[in-house]
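Peer 1: Take a look at this one; I'll ask things after.
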Amino acid sequence: MKKPASFARQVIVVVLINRQPVLIFYPGEHLFRDGDLGDYLFLVREGTVKISYFTKDGQEHGLNIFSDGNVFGELFLSQRRHRIGYAKALDRVIACRLTEEDFLALIQQFP
């Protein structure tokens, strides 16, 4: 059975993202923090990342959990340019980071 063209594009994009330099984060280490510029996204190759924010009174609120194969942090696709939360490694995380420029080049190459 033949896979649809969109599946082939997804595979190509994942392969290209995986060619990006690999970053390693250890448990408790932040991938980004509140207020950081949101000019790149992450692809989690291995591990677990928690996205959360803190209220003014210091209460942490979890927003999402990302793991193997998940993509997150694509703020440059919206008008918001700065992060409004924290991304923290819950265990050892191996991730690729893709810049806005690289992402836009992928879209042009694989519309």
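Ordering of the structure tokens sets the chain letters (A, B, ...), residue numbers begin anew at 1 in every chain, and ligands are numbered from 1 in the order given.
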If you take only C-alpha atoms and a cut-off of 9 Å, which residues of range 46-76 of chain A touch range 92-111 of chain A, and what are their nearest atom pairs and distances in Å to one decimal, in chain and number order, as JSON lines?
Peer 2:
{"residue": "A:Glu46", "atom": "CA", "partner": "A:Ile94", "partner_atom": "CA", "distance": 5.0}
{"residue": "A:Gly47", "atom": "CA", "partner": "A:Val93", "partner_atom": "CA", "distance": 4.3}
{"residue": "A:Thr48", "atom": "CA", "partner": "A:Val93", "partner_atom": "CA", "distance": 6.3}
{"residue": "A:Val49", "atom": "CA", "partner": "A:Val93", "partner_atom": "CA", "distance": 7.4}
{"residue": "A:Ser67", "atom": "CA", "partner": "A:Val93", "partner_atom": "CA", "distance": 8.7}
{"residue": "A:Asp68", "atom": "CA", "partner": "A:Ile94", "partner_atom": "CA", "distance": 8.9}
{"residue": "A:Glu74", "atom": "CA", "partner": "A:Glu100", "partner_atom": "CA", "distance": 8.3}
{"residue": "A:Phe76", "atom": "CA", "partner": "A:Glu100", "partner_atom": "CA", "distance": 6.5}
Peer 1: Filtering to C-alpha atoms, could you give me those residues as a PDB file, in the first residue's frame?
Peer 2:
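Saved to out00.pdb:
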ATOM      1  CA  GLU A  46      14.591  11.259  23.431  1.00  0.00           C
ATOM      2  CA  GLY A  47      13.401  12.161  26.918  1.00  0.00           C
ATOM      3  CA  THR A  48      10.615  14.163  28.528  1.00  0.00           C
ATOM      4  CA  VAL A  49      10.113  17.939  28.729  1.00  0.00           C
ATOM      5  CA  SER A  67       8.440  13.323  24.717  1.00  0.00           C
ATOM      6  CA  ASP A  68      10.103  11.361  21.906  1.00  0.00           C
ATOM      7  CA  GLU A  74       7.222  27.265  17.626  1.00  0.00           C
ATOM      8  CA  PHE A  76       7.781  32.391  15.714  1.00  0.00           C
TER       9      PHE A  76
END
Peer 1: List as a short mmCIF file (atom, residue, chain, number, x, y, z; two decimals) with C-alpha atoms, in the first residue's frame the protein and nucleic acid residues near Ala87 in chain A, meaning an atom at most 9 Å away when only C-alpha atoms are counted, but skip any in the same chain fewer than 3 places from it.
Peer 2:
data_model
loop_
_atom_site.label_atom_id
_atom_site.label_comp_id
_atom_site.auth_asym_id
_atom_site.auth_seq_id
_atom_site.Cartn_x
_atom_site.Cartn_y
_atom_site.Cartn_z
CA GLU A 29 17.84 21.88 33.26
CA HIS A 30 15.80 24.47 31.34
CA LEU A 31 15.54 24.38 27.57
CA PHE A 32 14.10 27.89 27.75
CA ARG A 33 12.77 30.30 30.35
CA ASP A 34 10.02 32.87 30.60
CA VAL A 49 10.11 17.94 28.73
CA LYS A 50 7.59 19.74 30.92
CA ILE A 51 6.17 23.12 29.88
CA SER A 52 4.89 25.23 32.77
CA TYR A 53 4.50 28.74 34.08
CA GLY A 73 8.23 25.96 21.04
#
Peer 1: Using Å and a single decimal, report how far CA of Leu63 in chain A sits from CA of Gln20 in chain A.
Peer 2: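 If I compute the distance from CA of Gln20 in chain A to CA of Leu63 in chain A, I get 26.5 Å.
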Peer 1: Please report, as a list in words, each residue of range 13-107 of chain A to which DSSP assigns alpha helix (DSSP H) when run on this structure's backbone.
Peer 2: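 Alpha helix (DSSP H) assignments inside range 13-107 of chain A correspond to Val13, Val14, Val15, Leu16, Ile17, Asn18, Glu100, Glu101, Asp102, Phe103, Leu104, Ala105, Leu106 and Ile107 of chain A.
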Peer 1: I'd like the interatomic distance between CA of His82 in chain A and CA of Ile24 in chain A, to a tenth of an Å.
Peer 2: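 Separating CA of His82 in chain A from CA of Ile24 in chain A is a distance of 22.6 Å.
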Peer 1: Between CA of Pro27 in chain A and CA of Ala89 in chain A, what is the distance, to one decimal in Å?
Peer 2: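 CA of Pro27 in chain A sits 5.0 Å away from CA of Ala89 in chain A.
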Peer 1: Could you pull out all residues of range 28-76 of chain A with a DSSP call of strand (DSSP E) and give them as a list in words?
Peer 2: His30, Leu31, Phe32, Tyr40, Leu41, Phe42, Leu43, Val44, Arg45, Glu46, Val49, Lys50, Ile51, Ser52, Tyr53, Phe54, Glu60, His61, Gly62, Leu63, Asn64, Ile65, Phe66, Val71 and Phe72 of chain A
